[in-house]
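So the structure is just underneath, and the comments pick up after that.
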Amino acid sequence: MEIALFFGGALISWIITHAYYRRSSKIAPDWALPLIAKLPDTPPTKERLLELVQEYLGKGEVKVNDPTGHIACPECANSAEHFEQKVFGDERHTVVVTSCPACGWSQTDEV
Ligand SMILES: [Zn+2]
């Protein structure tokens, strides 16, 4: 029963959002119409969203930080380009400490 209510609620909120989107797109300026035309009529599936993310990453416009795997700070969303890294280790172990200079978040990875 709860699951039916959950999906019913999700459907209702999607319908309301869709109706507002349709209404607002009628008063959009001309330059925005090609962008709005690209928007899908139905919500994309999880698989399609993952495909879009993979496509975007494949273009090389987004750099994934190595070794954390982040594209931005998980605390303050600062770009991973600004991360600071320190490498420690000996001949058997190497540890990379990645930190965000904006908020102090840090992660330690053994590589
Ligand atoms: Zn941060």
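Going through the structure tokens in order, the chains are called A, B, and so on, while each chain numbers its residues from 1 and the ligands are numbered from 1 in the order shown.
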**OP:** Check every protein, DNA and RNA residue against ligand 1, keep those with an atom at most 12 Å away (counting only C-alpha atoms and all ligand atoms), and present them as a list in words.
**Re:** His70, Ile71, Ala72, Cys73, Pro74, Glu75, Cys76, Ala77, Asn78, Ser79, Ala80, Glu81, His82, Phe83, Glu84, Thr98, Ser99, Cys100, Pro101, Ala102, Cys103, Gly104, Trp105, Ser106 and Gln107 of chain A
**OP:** Mind checking which residues fall within 12 Å of range 36-46 of chain A, counting only C-alpha atoms, ignoring those fewer than 6 positions away in the same chain, and posting them as a VMD selection string?
**Re:** chain A and resid 10 to 11 14 to 15 17 to 19 21 to 22 24 to 30 52 to 53
**OP:** Return as a ChimeraX atom specification the full set of residues in chain A whose backbone-based DSSP assignment is helix (DSSP H, G or I).
**Re:** /A:2-26,30-38,46-58,80-82
Filtering to C-alpha atoms, could you give me those residues as a CSV table (one decimal), in the first residue's frame?
```csv
chain,number,residue,atom,x,y,z
A,2,GLU,CA,2.8,2.4,1.0
A,3,ILE,CA,4.6,1.8,-2.3
A,4,ALA,CA,1.4,2.6,-4.3
A,5,LEU,CA,1.1,5.9,-2.4
A,6,PHE,CA,4.7,6.6,-3.0
A,7,PHE,CA,4.5,6.1,-6.7
A,8,GLY,CA,1.1,7.9,-6.8
A,9,GLY,CA,2.7,10.9,-5.1
A,10,ALA,CA,5.7,10.8,-7.4
A,11,LEU,CA,3.4,10.7,-10.4
A,12,ILE,CA,1.2,13.6,-9.2
A,13,SER,CA,4.3,15.8,-8.5
A,14,TRP,CA,5.7,15.0,-11.9
A,15,ILE,CA,2.3,15.9,-13.6
A,16,ILE,CA,2.3,19.3,-11.7
A,17,THR,CA,5.9,20.0,-12.6
A,18,HIS,CA,5.3,19.0,-16.2
A,19,ALA,CA,2.2,21.3,-16.4
A,20,TYR,CA,4.2,24.2,-15.0
A,21,TYR,CA,7.0,23.5,-17.4
A,22,ARG,CA,4.6,23.5,-20.3
A,23,ARG,CA,3.0,26.8,-19.2
A,24,SER,CA,6.3,28.6,-18.6
A,25,SER,CA,7.7,27.4,-21.9
A,26,LYS,CA,4.9,29.3,-23.7
A,30,ASP,CA,12.7,33.1,-28.7
A,31,TRP,CA,16.4,32.4,-28.0
A,32,ALA,CA,15.4,29.8,-25.3
A,33,LEU,CA,13.0,27.9,-27.6
A,34,PRO,CA,15.7,25.6,-29.2
A,35,LEU,CA,17.0,24.7,-25.7
A,36,ILE,CA,13.5,24.0,-24.4
A,37,ALA,CA,12.8,21.8,-27.5
A,38,LYS,CA,15.7,19.6,-26.5
A,46,LYS,CA,18.1,5.9,-14.6
A,47,GLU,CA,20.0,4.1,-17.4
A,48,ARG,CA,19.6,7.1,-19.7
A,49,LEU,CA,20.9,9.5,-17.0
A,50,LEU,CA,23.9,7.3,-16.5
A,51,GLU,CA,24.5,7.3,-20.3
A,52,LEU,CA,24.3,11.1,-20.3
A,53,VAL,CA,26.8,11.3,-17.5
A,54,GLN,CA,29.2,8.9,-19.3
A,55,GLU,CA,28.9,10.9,-22.5
A,56,TYR,CA,29.7,14.1,-20.6
A,57,LEU,CA,32.6,12.6,-18.9
A,58,GLY,CA,33.8,11.1,-22.2
A,80,ALA,CA,38.4,19.1,-7.8
A,81,GLU,CA,40.9,21.2,-9.8
A,82,HIS,CA,41.5,23.1,-6.6
```
**OP:** Run DSSP on the backbone and grab whatever in chain A lands in strand (DSSP E or B); send it over as a list of chain:residue names.
**Re:** A:Ala72, A:Ser79, A:Glu84, A:Gln85, A:Lys86, A:Val87, A:Phe88, A:Gly89, A:Thr94, A:Val95, A:Val96, A:Val97, A:Thr98, A:Ser99, A:Ser106, A:Gln107, A:Thr108, A:Asp109, A:Glu110
**OP:** Between A:Val64, A:Val111, A:Lys59, A:Gly69, single out the one closest to Arg92 in chain A, counting only C-alpha atoms.
**Re:**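 Once distances to Arg92 in chain A are computed over only C-alpha atoms, the minimum belongs to A:Val111.
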**OP:** For Val87 in chain A, please output as a list in words all residues within 12 Å (counting only C-alpha atoms; exclusion window: fewer than 2 positions along the same chain).
**Re:**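 Using only C-alpha atoms, the neighbours found are Pro67, Glu84, Gln85, Gly89, Asp90, His93, Thr94, Val95, Val96, Val97, Thr98, Ser99, Thr108, Asp109, Glu110 and Val111 of chain A.
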Generate the output file for the selected residues, N, CA and C atoms, as a PDB file, in the first residue's frame.
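See part31.pdb below for the written result:
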```pdb
ATOM      1  N   PRO A  67      43.305   9.998  -6.725  1.00  0.00           N
ATOM      2  CA  PRO A  67      42.562   8.742  -6.654  1.00  0.00           C
ATOM      3  C   PRO A  67      41.197   8.833  -5.981  1.00  0.00           C
ATOM      4  N   GLU A  84      44.223  19.972  -3.062  1.00  0.00           N
ATOM      5  CA  GLU A  84      45.655  19.869  -2.785  1.00  0.00           C
ATOM      6  C   GLU A  84      45.951  18.426  -2.394  1.00  0.00           C
ATOM      7  N   GLN A  85      47.074  17.900  -2.887  1.00  0.00           N
ATOM      8  CA  GLN A  85      47.408  16.516  -2.583  1.00  0.00           C
ATOM      9  C   GLN A  85      48.822  16.413  -2.033  1.00  0.00           C
ATOM     10  N   GLY A  89      54.791   7.846   1.836  1.00  0.00           N
ATOM     11  CA  GLY A  89      54.954   6.410   1.650  1.00  0.00           C
ATOM     12  C   GLY A  89      56.387   5.946   1.643  1.00  0.00           C
ATOM     13  N   ASP A  90      56.502   4.627   1.534  1.00  0.00           N
ATOM     14  CA  ASP A  90      57.813   4.006   1.405  1.00  0.00           C
ATOM     15  C   ASP A  90      57.756   3.080   0.193  1.00  0.00           C
ATOM     16  N   HIS A  93      54.201   0.977   0.506  1.00  0.00           N
ATOM     17  CA  HIS A  93      52.883   1.622   0.583  1.00  0.00           C
ATOM     18  C   HIS A  93      52.991   3.075   0.156  1.00  0.00           C
ATOM     19  N   THR A  94      51.987   3.524  -0.590  1.00  0.00           N
ATOM     20  CA  THR A  94      51.889   4.946  -0.940  1.00  0.00           C
ATOM     21  C   THR A  94      50.510   5.437  -0.534  1.00  0.00           C
ATOM     22  N   VAL A  95      50.496   6.540   0.206  1.00  0.00           N
ATOM     23  CA  VAL A  95      49.239   7.116   0.671  1.00  0.00           C
ATOM     24  C   VAL A  95      49.136   8.530   0.113  1.00  0.00           C
ATOM     25  N   VAL A  96      47.958   8.824  -0.453  1.00  0.00           N
ATOM     26  CA  VAL A  96      47.709  10.167  -0.974  1.00  0.00           C
ATOM     27  C   VAL A  96      46.642  10.820  -0.098  1.00  0.00           C
ATOM     28  N   VAL A  97      46.969  11.969   0.466  1.00  0.00           N
ATOM     29  CA  VAL A  97      45.995  12.740   1.237  1.00  0.00           C
ATOM     30  C   VAL A  97      45.538  13.894   0.353  1.00  0.00           C
ATOM     31  N   THR A  98      44.251  13.859  -0.003  1.00  0.00           N
ATOM     32  CA  THR A  98      43.656  14.899  -0.854  1.00  0.00           C
ATOM     33  C   THR A  98      42.823  15.796   0.047  1.00  0.00           C
ATOM     34  N   SER A  99      42.991  17.107  -0.078  1.00  0.00           N
ATOM     35  CA  SER A  99      42.199  18.009   0.754  1.00  0.00           C
ATOM     36  C   SER A  99      41.672  19.178  -0.066  1.00  0.00           C
ATOM     37  N   THR A 108      41.898  10.232   2.597  1.00  0.00           N
ATOM     38  CA  THR A 108      43.159   9.517   2.499  1.00  0.00           C
ATOM     39  C   THR A 108      42.953   8.246   1.701  1.00  0.00           C
ATOM     40  N   ASP A 109      43.763   8.052   0.682  1.00  0.00           N
ATOM     41  CA  ASP A 109      43.658   6.852  -0.153  1.00  0.00           C
ATOM     42  C   ASP A 109      45.008   6.185  -0.237  1.00  0.00           C
ATOM     43  N   GLU A 110      44.998   4.845  -0.129  1.00  0.00           N
ATOM     44  CA  GLU A 110      46.219   4.086  -0.368  1.00  0.00           C
ATOM     45  C   GLU A 110      46.229   3.708  -1.837  1.00  0.00           C
ATOM     46  N   VAL A 111      47.315   4.019  -2.530  1.00  0.00           N
ATOM     47  CA  VAL A 111      47.361   3.733  -3.975  1.00  0.00           C
ATOM     48  C   VAL A 111      48.452   2.732  -4.302  1.00  0.00           C
TER      49      VAL A 111
END
```
